[in-house]
Amino acid sequence: MSFAISFAVGLLLSALLTPVMRWAAIPLGIVDHPDGRRKLHQQPTPLGGGVAVCLATILAVIVSLCTSWQGSLGEGKSPGHFLIGLLAAVIMIVAVGLLDDCVSLRGRQKLAGQIVATAILVFSGLVVERINIFGAQIELGLLSIPFTFFWLLGAINALNLIDGIDGLASSVGVILSLAIAGMAAMTGHGLDALIAVALCGALLGFLLYNFPPASIYLGDAGSMLIGLLLGALAIRSSLKGPATAALAAPTVIWAIPILDVGMAILRRKLTGRSIYHTDRGHLHHCMLRKGFSHRTTLLWIGILCTFTAFGSLASVARENEWLAVGSALAVFSILLLTQWFGTAEFRMLGSRLKTMLESLLKFSQRKKWETSRPVHTRFTGTRDWDELWNTLTEYAERFDLCSVQLNVNLPAWNEDYHVQWQRRSEEDHHREWLTDLPLVTHQITIGRLRIRGRCADGSVCTWMGDLIAGLKPFETHLLYLIEEQLNEKRVEQKPQVEQLRSVPAIMGSTATVK
């Protein structure tokens, strides 16, 4: 009965509070404005849905506890200490999210807030001291606190990163909260099941306004709130003894968000970008480019999450962790075989590992200069950037450069292309220089060009001037490609594209001499 009350109160309050937040967000300036690059929605949309979900969840839990404190929730001792810590952490993460929604915090600033919220939970007693995997018990010892931090931060950012299209984070949150509620109920953690059910109801109430086309977004306050709550509940629901967690099932429940985050980190590190760098290579973006509609994309991702959730619950019910692992492997295989997601990243990883292996197994005398093959990776798009790259290879040979890396990232045009070339040598590395050029033209940021070389003998001003002048053919070709793309866009959407016309900007640069 308490679970039904928790769900109903969460659903009702969220349905009532969300339109209030939608109305209040505009005068408060909590609005998501389209930028024509990463945020491609058509008009400014209120944020702050996470506040409505937060309030609805908290009030639903309070009402449920007041009606069934001595009922079927019994944990053998008062849960007050954990609830106080969880409430404080929730307030902290929502505050950080709201601040980010208002002023767009830097990645490191947002991470610092997440760490504070996680620390509150850890110091309230939520620590995994040992892990039970396939019957083997592993004592974490000094790693217990870092492991708990890693799990909670991963959960927060997994939901934060997957929140890329209308209704996705809230839909995934509904499925995950139901799965964790079921797991908590089966393992005798009634309080955790009640909180998960309250969150599920609140998210369903919010989905009434967030389903495509959305009239309000969760914002970072909402997506990080879902991640924090479900991450903490997943740990508690998996406890088989004092601070002993069987993490196979809860990990597989998170399989889709974990895969999405893992591919994002891999993609950005392999292309030399910061892990905080935003792109449109997430699972939902890839499925939209395959021709799926927004609602069909939601449906398919929901089906995949549901499949892994059932696998996890079956593993708990049958006490067979291989059922959970098998469901996750099945989902990953489907995504790779259908080429919906992950194929470009795995190809690039394979190429990088092959190069590393060849260098380890090569025992012959290394030449003074040893040139590697360029590594081309097209994540999205059809534009012929290879021709642009050819001008760079001629440039690299002419100036005896050590490495050249070109990243083209145009989310609004669905273009994401990466190519890297380098040559290894035994010469003195103390004369190396590195320059990182942002490619900007027609007020459009196209990507970055990173070049590494060695200082030549003679006047620094002379060879640096020659080096910059040598980039002229590359810049000319780049302007031609962008102008060609703009002409195509003018034919399709002339009023919108005319706003982008302006005098081409010169490439900016920041050079570091080692």
# chains A, B, ... in the order shown; residues from 1 in each chain; ligands from 1
>>> residues_around(residues="Ser170 of chain A", least_positions_apart="3", cutoff="8 Å", atoms="only C-alpha atoms", output="PyMOL selection string")
chain A and resi 167+173-174+203-204+206-207+218+223
>>> residues_around(residues="Ala193 of chain A", least_positions_apart="5", cutoff="9 Å", atoms="only C-alpha atoms", output="VMD selection string")
chain A and resid 3 73 177 to 178 180 to 185 188 198 233 237
>>> residues_around(residues="Cys305 of chain A", least_positions_apart="5", cutoff="8 Å", atoms="only C-alpha atoms", output="list in words")
Val172, Ile175, Leu176, Ile253, Trp254, Ala255 and Ile256 of chain A
>>> closest_residue(among="A:Gly125, A:Gly222, A:Gly107, A:Gly141", to="Thr18 of chain A", atoms="only C-alpha atoms")
A:Gly222
>>> select_by_dssp(residues="segment 271-483 of chain A", states="strand (DSSP E or B)", output="ChimeraX atom specification")
/A:369-371,375-380,403-410,415-425,432-441,444-454
>>> residues_around(residues="Ser104 of chain A", least_positions_apart="5", cutoff="12 Å", atoms="only C-alpha atoms", output="ChimeraX atom specification")
/A:30-33,96-99,109-110,219-221
>>> residues_around(residues="segment 9-17 of chain A", least_positions_apart="4", cutoff="7 Å", atoms="only C-alpha atoms", output="list in words")
Ile5, Met21, Ala52, Val53, Ala56, Thr57, Ala60, Ala198, Leu199, Gly201, Ala202, Leu204, Gly205 and Phe206 of chain A
>>> atom_distance(atom1="atom CA of Ala95 of chain A", atom2="atom CA of His294 of chain A")
29.6 Å
>>> atom_distance(atom1="atom CA of Ile195 of chain A", atom2="atom CA of Val61 of chain A")
6.1 Å
>>> residues_around(residues="Ser293 of chain A", least_positions_apart="4", cutoff="12 Å", atoms="only C-alpha atoms", output="list in words")
Ile165, Asp166, Pro212, Pro213, His284, His285, Cys286, Met287, Leu288, Arg289, Thr297, Leu298, Leu299 and Trp300 of chain A
>>> residues_around(residues="Ile482 of chain A", least_positions_apart="4", cutoff="12 Å", atoms="only C-alpha atoms", output="PyMOL selection string")
chain A and resi 383-385+388+408+410+413+415+439-446+475-478+486-489+500-501+504
>>> closest_residue(among="A:Ala8, A:Pro46, A:Leu191, A:Leu228", to="Thr118 of chain A", atoms="only C-alpha atoms")
A:Leu228
>>> select_by_dssp(residues="segment 354-496 of chain A", states="helix (DSSP H, G or I)", output="NGL selection string")
:A and (354-361 or 386-398 or 411-413 or 429-431 or 460-469 or 472-492 or 494-496)
